[in-house]
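Undergrad: One file is attached below, final39.csv, containing CSV, C-alpha atoms.
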```
chain,number,residue,atom,x,y,z
A,24,ASN,CA,0.0,0.0,0.0
A,25,ALA,CA,2.0,3.0,-1.3
A,26,GLY,CA,-0.6,5.7,-0.3
A,27,VAL,CA,-0.3,8.8,-2.4
A,28,THR,CA,2.6,9.0,-4.9
A,29,GLN,CA,3.7,11.8,-7.2
A,30,THR,CA,5.9,11.9,-10.3
A,31,PRO,CA,8.3,13.5,-11.0
A,32,LYS,CA,9.9,14.5,-7.7
A,33,PHE,CA,11.8,17.4,-9.4
A,34,ARG,CA,11.6,19.2,-12.7
A,35,VAL,CA,13.2,22.3,-14.3
A,36,LEU,CA,11.3,23.9,-17.2
A,37,LYS,CA,11.9,26.8,-19.4
A,38,THR,CA,9.3,29.5,-19.8
A,39,GLY,CA,6.7,28.3,-22.3
A,40,GLN,CA,7.3,24.6,-22.0
A,41,SER,CA,4.6,22.2,-21.0
A,42,MET,CA,4.5,19.3,-18.6
A,43,THR,CA,2.2,17.0,-16.7
A,44,LEU,CA,2.4,16.1,-13.0
A,45,LEU,CA,1.0,12.7,-12.1
A,46,CYS,CA,-0.7,11.9,-8.7
A,47,ALA,CA,-1.6,8.3,-8.0
A,48,GLN,CA,-3.3,6.8,-4.9
A,49,ASP,CA,-4.1,3.2,-4.1
A,50,MET,CA,-6.5,3.8,-1.2
A,51,ASN,CA,-9.6,3.8,-3.4
A,52,HIS,CA,-10.2,7.5,-2.3
A,53,GLU,CA,-12.9,9.3,-4.1
A,54,TYR,CA,-11.6,12.9,-3.7
A,55,MET,CA,-8.3,14.2,-4.9
A,56,TYR,CA,-6.7,17.6,-4.7
A,57,TRP,CA,-3.8,19.6,-6.1
A,58,TYR,CA,-2.1,22.3,-4.0
A,59,ARG,CA,0.8,24.5,-4.5
A,60,GLN,CA,3.1,25.6,-1.6
A,61,ASP,CA,5.0,28.9,-1.7
A,62,PRO,CA,7.1,30.4,1.1
A,63,GLY,CA,5.0,32.4,3.5
A,64,MET,CA,1.7,31.5,1.8
A,65,GLY,CA,0.9,28.0,3.1
A,66,LEU,CA,-0.9,25.6,0.8
A,67,ARG,CA,-3.3,26.9,-1.8
A,68,LEU,CA,-5.8,24.7,-3.7
A,69,ILE,CA,-5.4,24.7,-7.5
A,70,HIS,CA,-8.0,22.2,-8.6
A,71,TYR,CA,-9.8,19.2,-7.1
A,72,SER,CA,-11.9,16.3,-8.1
A,73,VAL,CA,-14.8,14.6,-6.3
A,74,GLY,CA,-14.8,11.5,-8.5
A,75,GLU,CA,-13.7,9.9,-11.7
A,76,GLY,CA,-14.5,12.2,-14.7
A,77,THR,CA,-15.2,15.3,-12.6
A,78,THR,CA,-12.9,18.3,-11.8
A,79,ALA,CA,-13.4,21.7,-10.2
A,80,LYS,CA,-11.5,24.9,-9.7
A,81,GLY,CA,-9.9,25.8,-6.4
A,82,GLU,CA,-8.3,29.1,-5.2
A,83,VAL,CA,-5.6,29.5,-7.9
A,84,PRO,CA,-6.6,27.6,-11.0
A,85,ASP,CA,-5.3,30.0,-13.7
A,86,GLY,CA,-2.5,28.5,-15.9
A,87,TYR,CA,-3.3,24.9,-14.9
A,88,ASN,CA,-5.6,22.1,-16.2
A,89,VAL,CA,-6.5,18.8,-14.6
A,90,SER,CA,-7.9,15.5,-15.6
A,91,ARG,CA,-9.3,12.5,-13.7
A,92,LEU,CA,-9.8,9.8,-16.3
A,93,LYS,CA,-9.2,7.0,-13.7
A,94,LYS,CA,-10.2,7.0,-10.1
A,95,GLN,CA,-6.7,6.4,-8.9
A,96,ASN,CA,-5.0,9.1,-10.9
A,97,PHE,CA,-5.2,12.9,-10.9
A,98,LEU,CA,-3.1,14.8,-13.5
A,99,LEU,CA,-2.0,18.4,-13.3
A,100,GLY,CA,-1.0,20.1,-16.5
A,101,LEU,CA,0.9,23.2,-17.3
A,102,GLU,CA,0.4,24.2,-20.9
A,103,SER,CA,2.8,27.1,-21.0
A,104,ALA,CA,4.9,27.3,-17.9
A,105,ALA,CA,5.7,30.7,-16.4
A,106,PRO,CA,8.3,31.6,-13.7
A,107,SER,CA,5.4,32.4,-11.3
A,108,GLN,CA,4.6,28.7,-11.4
A,109,THR,CA,7.8,27.9,-9.6
A,110,SER,CA,6.6,26.1,-6.5
A,111,VAL,CA,6.3,22.8,-4.7
A,112,TYR,CA,3.2,21.0,-5.8
A,113,PHE,CA,1.4,18.6,-3.5
A,114,CYS,CA,-1.4,16.1,-4.3
A,115,ALA,CA,-3.8,14.9,-1.7
A,116,SER,CA,-6.6,12.4,-1.5
A,117,ARG,CA,-9.5,11.8,0.8
A,118,LEU,CA,-12.0,9.0,1.3
A,119,GLN,CA,-15.5,10.0,0.6
A,120,GLY,CA,-17.7,9.7,3.5
A,121,LYS,CA,-20.1,11.5,5.8
A,122,GLY,CA,-18.6,14.5,7.5
A,123,PRO,CA,-15.1,15.8,7.3
A,124,ASP,CA,-12.2,13.4,6.8
A,125,THR,CA,-8.4,13.4,6.7
A,126,GLN,CA,-6.6,14.4,3.6
A,127,TYR,CA,-3.5,12.4,2.9
A,128,PHE,CA,-0.6,14.1,1.0
A,129,GLY,CA,1.8,12.9,-1.5
A,130,PRO,CA,5.6,13.6,-1.2
A,131,GLY,CA,5.5,16.7,-3.4
A,132,THR,CA,7.0,17.8,-6.8
A,133,ARG,CA,9.5,20.6,-6.8
A,134,LEU,CA,9.1,22.6,-10.0
A,135,THR,CA,11.4,25.4,-11.2
A,136,VAL,CA,10.5,27.5,-14.2
A,137,LEU,CA,13.4,29.5,-15.6
B,30,GLY,CA,-14.7,34.4,1.5
B,31,GLU,CA,-13.0,31.7,3.6
B,32,ASN,CA,-9.8,32.8,5.3
B,33,VAL,CA,-7.5,31.4,8.0
B,34,GLU,CA,-5.0,33.5,9.8
B,35,GLN,CA,-2.2,31.9,11.8
B,36,HIS,CA,0.2,33.4,14.3
B,37,PRO,CA,3.1,33.6,15.0
B,38,SER,CA,4.9,32.9,11.8
B,39,THR,CA,8.0,31.8,13.7
B,40,LEU,CA,8.4,30.5,17.2
B,41,SER,CA,11.5,29.6,19.1
B,42,VAL,CA,11.3,27.8,22.4
B,43,GLN,CA,13.7,26.0,24.7
B,44,GLU,CA,13.5,22.2,24.9
B,45,GLY,CA,11.0,21.3,27.6
B,46,ASP,CA,9.0,24.5,27.3
B,47,SER,CA,5.5,24.7,25.9
B,48,ALA,CA,4.6,26.1,22.4
B,49,VAL,CA,1.2,27.6,21.4
B,50,ILE,CA,0.1,28.4,17.9
B,51,LYS,CA,-3.1,30.3,17.2
B,52,CYS,CA,-5.4,30.5,14.2
B,53,THR,CA,-8.6,32.4,13.4
B,54,TYR,CA,-11.1,31.6,10.7
B,55,SER,CA,-13.6,33.7,8.9
B,56,ASP,CA,-16.4,31.2,7.9
B,57,SER,CA,-18.6,30.7,10.9
B,58,ALA,CA,-19.9,27.5,9.2
B,59,SER,CA,-16.5,25.8,9.4
B,60,ASN,CA,-16.8,22.6,11.3
B,61,TYR,CA,-13.5,20.8,11.1
B,62,PHE,CA,-10.1,22.0,12.1
B,63,PRO,CA,-7.0,19.8,11.4
B,64,TRP,CA,-3.4,20.6,12.2
B,65,TYR,CA,-0.6,19.4,10.0
B,66,LYS,CA,3.2,19.1,10.7
B,67,GLN,CA,5.6,19.5,7.9
B,68,GLU,CA,9.3,18.6,8.4
B,69,LEU,CA,11.8,20.1,6.0
B,70,GLY,CA,11.5,18.7,2.5
B,71,LYS,CA,8.6,16.3,3.5
B,72,ARG,CA,4.9,16.2,3.0
B,73,PRO,CA,2.4,17.7,5.5
B,74,GLN,CA,1.1,15.1,7.9
B,75,LEU,CA,-1.9,15.3,10.1
B,76,ILE,CA,-1.1,15.4,13.8
B,77,ILE,CA,-4.4,16.2,15.4
B,78,ASP,CA,-7.8,17.5,14.5
B,79,ILE,CA,-10.9,18.8,16.2
B,80,ARG,CA,-14.6,18.9,15.2
B,81,SER,CA,-16.9,21.7,16.0
B,82,ASN,CA,-18.9,19.7,18.5
B,83,VAL,CA,-16.0,19.6,21.0
B,84,GLY,CA,-13.9,22.3,22.7
B,85,GLU,CA,-10.7,20.5,23.4
B,86,LYS,CA,-8.9,17.4,22.3
B,87,LYS,CA,-5.6,15.9,23.6
B,88,ASP,CA,-3.1,13.3,22.3
B,89,GLN,CA,-0.1,12.9,24.5
B,90,ARG,CA,1.9,16.1,24.4
B,91,ILE,CA,-0.4,17.7,21.8
B,92,ALA,CA,-3.7,19.4,22.4
B,93,VAL,CA,-6.0,21.5,20.4
B,94,THR,CA,-8.7,23.9,21.7
B,95,LEU,CA,-11.5,25.5,19.8
B,96,ASN,CA,-13.6,28.6,20.6
B,97,LYS,CA,-16.4,28.7,18.1
B,98,THR,CA,-17.9,31.9,19.4
B,99,ALA,CA,-14.6,33.7,18.8
B,100,LYS,CA,-13.8,31.7,15.7
B,101,HIS,CA,-10.3,30.7,16.8
B,102,PHE,CA,-8.5,27.5,17.6
B,103,SER,CA,-5.0,26.8,19.0
B,104,LEU,CA,-2.4,24.1,19.0
B,105,HIS,CA,-0.6,23.4,22.3
B,106,ILE,CA,2.6,21.4,22.5
B,107,THR,CA,3.9,20.6,26.0
B,108,GLU,CA,7.4,19.4,27.0
B,109,THR,CA,8.8,20.3,23.5
B,110,GLN,CA,11.6,18.2,22.1
B,111,PRO,CA,14.0,18.9,19.2
B,112,GLU,CA,12.1,16.6,16.9
B,113,ASP,CA,9.0,18.8,17.3
B,114,SER,CA,10.9,21.4,15.1
B,115,ALA,CA,8.9,21.8,11.9
B,116,VAL,CA,6.4,24.0,10.2
B,117,TYR,CA,2.9,23.6,11.5
B,118,PHE,CA,-0.2,24.5,9.5
B,119,CYS,CA,-3.7,24.9,10.8
B,120,ALA,CA,-6.6,24.5,8.4
B,121,ALA,CA,-10.4,25.0,8.5
B,122,ILE,CA,-13.0,23.3,6.4
B,123,PHE,CA,-16.7,23.6,5.8
B,124,ASP,CA,-18.3,20.3,5.1
B,125,TYR,CA,-20.9,20.6,2.4
B,126,GLY,CA,-22.7,17.5,3.6
B,127,GLY,CA,-20.3,15.1,1.9
B,128,ALA,CA,-20.6,16.5,-1.6
B,129,THR,CA,-17.2,18.2,-1.4
B,130,ASN,CA,-14.9,19.9,1.0
B,131,LYS,CA,-12.0,22.2,0.7
B,132,LEU,CA,-9.3,22.8,3.3
B,133,ILE,CA,-8.3,26.4,3.7
B,134,PHE,CA,-4.8,26.6,5.2
B,135,GLY,CA,-3.1,29.1,7.4
B,136,THR,CA,0.3,30.4,6.3
B,137,GLY,CA,2.3,28.2,8.7
B,138,THR,CA,4.4,28.6,11.8
B,139,LEU,CA,8.0,27.6,11.9
B,140,LEU,CA,8.7,26.1,15.3
B,141,ALA,CA,12.3,25.8,16.4
B,142,VAL,CA,13.0,23.9,19.6
B,143,GLN,CA,16.5,24.8,21.0
B,144,PRO,CA,18.2,21.9,22.8
```
Rewrite the coordinates I just gave you, this time as structure tokens.

TA:
Amino acid sequence: NAGVTQTPKFRVLKTGQSMTLLCAQDMNHEYMYWYRQDPGMGLRLIHYSVGEGTTAKGEVPDGYNVSRLKKQNFLLGLESAAPSQTSVYFCASRLQGKGPDTQYFGPGTRLTVL
Amino acid sequence: GENVEQHPSTLSVQEGDSAVIKCTYSDSASNYFPWYKQELGKRPQLIIDIRSNVGEKKDQRIAVTLNKTAKHFSLHITETQPEDSAVYFCAAIFDYGGATNKLIFGTGTLLAVQP
């Protein structure tokens, strides 16, 4: 049981390049989230998904797209990377259920855009 | 809109002393308040949480208190140890009856425990 995994762990891009970050979970969780973490700003929600085939915008969705084609995977795409997207990206998942529940985080992806 | 403020941003204590981190939230409908610990270069991990139907919860050296009237909650760590050094994040959530929920995080507190 690997929990929540993310690939890649590190990436350096040039401005204008594109890439996809992959989040995978093997806990059969219904809900998945993408956050970015910047110094002094905590974690901010980019996009989230409440089930396979569904996605929704979070606090800071501009410049990102997501897809949830399979329940266990949640992809975050950057079509045209900008230096402002330099950040650490965390994926999280949560088991659907009544009431609030714990979110489990992946190990993070450190992205630098030059 | 939903907002969570966290103070202080940095906290330095001597080993064995207590540490207190405070958060306030804006949405009076928030009903779940987790605390995460993040060690350098690692993922955030849940250390304790509290729901709005209780005022205090303890787990060994860690406790969380909630004041719903004032809309604030606090993390208390007693008998601090060097391994408690990390960034701590509070968060608040409004549970939309199971349809979805979104965590709103505070900006974090860097706790340094001096040996």

Undergrad: Taking a cut-off of 12 Å and counting only C-alpha atoms, can you build a table that, for each residue of chain A near chain B, reports the nearest atom pair and how far apart they are in Å (one decimal), sorted by chain then residue number, as JSON lines?

TA:
```
{"residue": "A:Val27", "atom": "CA", "partner": "B:Arg72", "partner_atom": "CA", "distance": 10.5}
{"residue": "A:Thr28", "atom": "CA", "partner": "B:Arg72", "partner_atom": "CA", "distance": 10.9}
{"residue": "A:Gln29", "atom": "CA", "partner": "B:Arg72", "partner_atom": "CA", "distance": 11.2}
{"residue": "A:Lys32", "atom": "CA", "partner": "B:Gly70", "partner_atom": "CA", "distance": 11.1}
{"residue": "A:Phe33", "atom": "CA", "partner": "B:Gly70", "partner_atom": "CA", "distance": 12.0}
{"residue": "A:Glu53", "atom": "CA", "partner": "B:Thr129", "partner_atom": "CA", "distance": 10.2}
{"residue": "A:Tyr54", "atom": "CA", "partner": "B:Thr129", "partner_atom": "CA", "distance": 8.0}
{"residue": "A:Met55", "atom": "CA", "partner": "B:Thr129", "partner_atom": "CA", "distance": 10.4}
{"residue": "A:Tyr56", "atom": "CA", "partner": "B:Lys131", "partner_atom": "CA", "distance": 8.9}
{"residue": "A:Trp57", "atom": "CA", "partner": "B:Lys131", "partner_atom": "CA", "distance": 11.0}
{"residue": "A:Tyr58", "atom": "CA", "partner": "B:Leu132", "partner_atom": "CA", "distance": 10.3}
{"residue": "A:Arg59", "atom": "CA", "partner": "B:Phe134", "partner_atom": "CA", "distance": 11.4}
{"residue": "A:Gln60", "atom": "CA", "partner": "B:Thr136", "partner_atom": "CA", "distance": 9.7}
{"residue": "A:Asp61", "atom": "CA", "partner": "B:Thr136", "partner_atom": "CA", "distance": 9.4}
{"residue": "A:Pro62", "atom": "CA", "partner": "B:Thr136", "partner_atom": "CA", "distance": 8.6}
{"residue": "A:Gly63", "atom": "CA", "partner": "B:Thr136", "partner_atom": "CA", "distance": 5.8}
{"residue": "A:Met64", "atom": "CA", "partner": "B:Thr136", "partner_atom": "CA", "distance": 4.8}
{"residue": "A:Gly65", "atom": "CA", "partner": "B:Thr136", "partner_atom": "CA", "distance": 4.0}
{"residue": "A:Leu66", "atom": "CA", "partner": "B:Phe134", "partner_atom": "CA", "distance": 6.0}
{"residue": "A:Arg67", "atom": "CA", "partner": "B:Phe134", "partner_atom": "CA", "distance": 7.2}
{"residue": "A:Leu68", "atom": "CA", "partner": "B:Ile133", "partner_atom": "CA", "distance": 8.0}
{"residue": "A:Ile69", "atom": "CA", "partner": "B:Lys131", "partner_atom": "CA", "distance": 10.8}
{"residue": "A:His70", "atom": "CA", "partner": "B:Lys131", "partner_atom": "CA", "distance": 10.1}
{"residue": "A:Tyr71", "atom": "CA", "partner": "B:Lys131", "partner_atom": "CA", "distance": 8.6}
{"residue": "A:Ser72", "atom": "CA", "partner": "B:Thr129", "partner_atom": "CA", "distance": 8.8}
{"residue": "A:Val73", "atom": "CA", "partner": "B:Thr129", "partner_atom": "CA", "distance": 6.5}
{"residue": "A:Gly74", "atom": "CA", "partner": "B:Thr129", "partner_atom": "CA", "distance": 10.1}
{"residue": "A:Thr77", "atom": "CA", "partner": "B:Thr129", "partner_atom": "CA", "distance": 11.7}
{"residue": "A:Thr78", "atom": "CA", "partner": "B:Thr129", "partner_atom": "CA", "distance": 11.3}
{"residue": "A:Ala79", "atom": "CA", "partner": "B:Thr129", "partner_atom": "CA", "distance": 10.2}
{"residue": "A:Lys80", "atom": "CA", "partner": "B:Lys131", "partner_atom": "CA", "distance": 10.8}
{"residue": "A:Gly81", "atom": "CA", "partner": "B:Lys131", "partner_atom": "CA", "distance": 8.2}
{"residue": "A:Glu82", "atom": "CA", "partner": "B:Ile133", "partner_atom": "CA", "distance": 9.3}
{"residue": "A:Val111", "atom": "CA", "partner": "B:Gly70", "partner_atom": "CA", "distance": 9.8}
{"residue": "A:Tyr112", "atom": "CA", "partner": "B:Arg72", "partner_atom": "CA", "distance": 10.2}
{"residue": "A:Phe113", "atom": "CA", "partner": "B:Arg72", "partner_atom": "CA", "distance": 7.8}
{"residue": "A:Cys114", "atom": "CA", "partner": "B:Arg72", "partner_atom": "CA", "distance": 9.6}
{"residue": "A:Ala115", "atom": "CA", "partner": "B:Pro73", "partner_atom": "CA", "distance": 9.9}
{"residue": "A:Ser116", "atom": "CA", "partner": "B:Lys131", "partner_atom": "CA", "distance": 11.4}
{"residue": "A:Arg117", "atom": "CA", "partner": "B:Asn130", "partner_atom": "CA", "distance": 9.7}
{"residue": "A:Leu118", "atom": "CA", "partner": "B:Gly127", "partner_atom": "CA", "distance": 10.3}
{"residue": "A:Gln119", "atom": "CA", "partner": "B:Gly127", "partner_atom": "CA", "distance": 7.1}
{"residue": "A:Gly120", "atom": "CA", "partner": "B:Gly127", "partner_atom": "CA", "distance": 6.2}
{"residue": "A:Lys121", "atom": "CA", "partner": "B:Gly127", "partner_atom": "CA", "distance": 5.3}
{"residue": "A:Gly122", "atom": "CA", "partner": "B:Gly127", "partner_atom": "CA", "distance": 5.9}
{"residue": "A:Pro123", "atom": "CA", "partner": "B:Asp124", "partner_atom": "CA", "distance": 5.9}
{"residue": "A:Asp124", "atom": "CA", "partner": "B:Tyr61", "partner_atom": "CA", "distance": 8.7}
{"residue": "A:Thr125", "atom": "CA", "partner": "B:Leu75", "partner_atom": "CA", "distance": 7.6}
{"residue": "A:Gln126", "atom": "CA", "partner": "B:Leu75", "partner_atom": "CA", "distance": 8.1}
{"residue": "A:Tyr127", "atom": "CA", "partner": "B:Gln74", "partner_atom": "CA", "distance": 7.3}
{"residue": "A:Phe128", "atom": "CA", "partner": "B:Arg72", "partner_atom": "CA", "distance": 6.2}
{"residue": "A:Gly129", "atom": "CA", "partner": "B:Arg72", "partner_atom": "CA", "distance": 6.4}
{"residue": "A:Pro130", "atom": "CA", "partner": "B:Arg72", "partner_atom": "CA", "distance": 5.0}
{"residue": "A:Gly131", "atom": "CA", "partner": "B:Arg72", "partner_atom": "CA", "distance": 6.4}
{"residue": "A:Thr132", "atom": "CA", "partner": "B:Arg72", "partner_atom": "CA", "distance": 10.1}
{"residue": "A:Arg133", "atom": "CA", "partner": "B:Gly70", "partner_atom": "CA", "distance": 9.7}
```

Undergrad: Do you have the CA of Glu75 in chain A-CA of Ser41 in chain A distance handy?

TA: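 Answer for the CA of Glu75 in chain A to CA of Ser41 in chain A separation: 23.9 Å.
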
Undergrad: Would you work out the distance separating CA of His101 in chain B from CA of Leu69 in chain B, expressed in Å to one decimal?

TA: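 Going from CA of His101 in chain B over to CA of Leu69 in chain B covers 26.8 Å.
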
Undergrad: So how far away is CA of Gly26 in chain A from CA of Arg90 in chain B, in Å?

TA: 26.9 Å

Undergrad: Determine the nearest neighbour of Thr107 in chain B from the options B:Ala58, B:Ala92, B:Val83, B:Ala121, counting only C-alpha atoms.

TA: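 Nearest candidate to Thr107 in chain B out of B:Ala58, B:Ala92, B:Val83, B:Ala121: B:Ala92.
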
Undergrad: If we draw a sphere of 9 Å around (-6.0, 24.0, -16.7), which residues have at least one atom in it when counting only C-alpha atoms? Please report them as a PDB file with C-alpha atoms, in the frame of the given file.

TA:
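Written output follows (point.pdb):
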```pdb
ATOM      1  CA  HIS A  70      -8.000  22.200  -8.600  1.00  0.00           C
ATOM      2  CA  LYS A  80     -11.500  24.900  -9.700  1.00  0.00           C
ATOM      3  CA  PRO A  84      -6.600  27.600 -11.000  1.00  0.00           C
ATOM      4  CA  ASP A  85      -5.300  30.000 -13.700  1.00  0.00           C
ATOM      5  CA  GLY A  86      -2.500  28.500 -15.900  1.00  0.00           C
ATOM      6  CA  TYR A  87      -3.300  24.900 -14.900  1.00  0.00           C
ATOM      7  CA  ASN A  88      -5.600  22.100 -16.200  1.00  0.00           C
ATOM      8  CA  VAL A  89      -6.500  18.800 -14.600  1.00  0.00           C
ATOM      9  CA  SER A  90      -7.900  15.500 -15.600  1.00  0.00           C
ATOM     10  CA  LEU A  99      -2.000  18.400 -13.300  1.00  0.00           C
ATOM     11  CA  GLY A 100      -1.000  20.100 -16.500  1.00  0.00           C
ATOM     12  CA  LEU A 101       0.900  23.200 -17.300  1.00  0.00           C
ATOM     13  CA  GLU A 102       0.400  24.200 -20.900  1.00  0.00           C
TER      14      GLU A 102
END
```

Undergrad: Pick out the residues sitting within 10 Å of range 38-40 of chain A, and hand them over as a PDB file with C-alpha atoms, in the coordinates of the input; count all atoms listed in the file, and ignore anything fewer than 3 positions along from it in its own chain.

TA:
```
ATOM      1  CA  VAL A  35      13.200  22.300 -14.300  1.00  0.00           C
ATOM      2  CA  LEU A 101       0.900  23.200 -17.300  1.00  0.00           C
ATOM      3  CA  GLU A 102       0.400  24.200 -20.900  1.00  0.00           C
ATOM      4  CA  SER A 103       2.800  27.100 -21.000  1.00  0.00           C
ATOM      5  CA  ALA A 104       4.900  27.300 -17.900  1.00  0.00           C
ATOM      6  CA  ALA A 105       5.700  30.700 -16.400  1.00  0.00           C
ATOM      7  CA  PRO A 106       8.300  31.600 -13.700  1.00  0.00           C
ATOM      8  CA  SER A 107       5.400  32.400 -11.300  1.00  0.00           C
ATOM      9  CA  GLN A 108       4.600  28.700 -11.400  1.00  0.00           C
ATOM     10  CA  THR A 135      11.400  25.400 -11.200  1.00  0.00           C
ATOM     11  CA  VAL A 136      10.500  27.500 -14.200  1.00  0.00           C
ATOM     12  CA  LEU A 137      13.400  29.500 -15.600  1.00  0.00           C
TER      13      LEU A 137
END
```
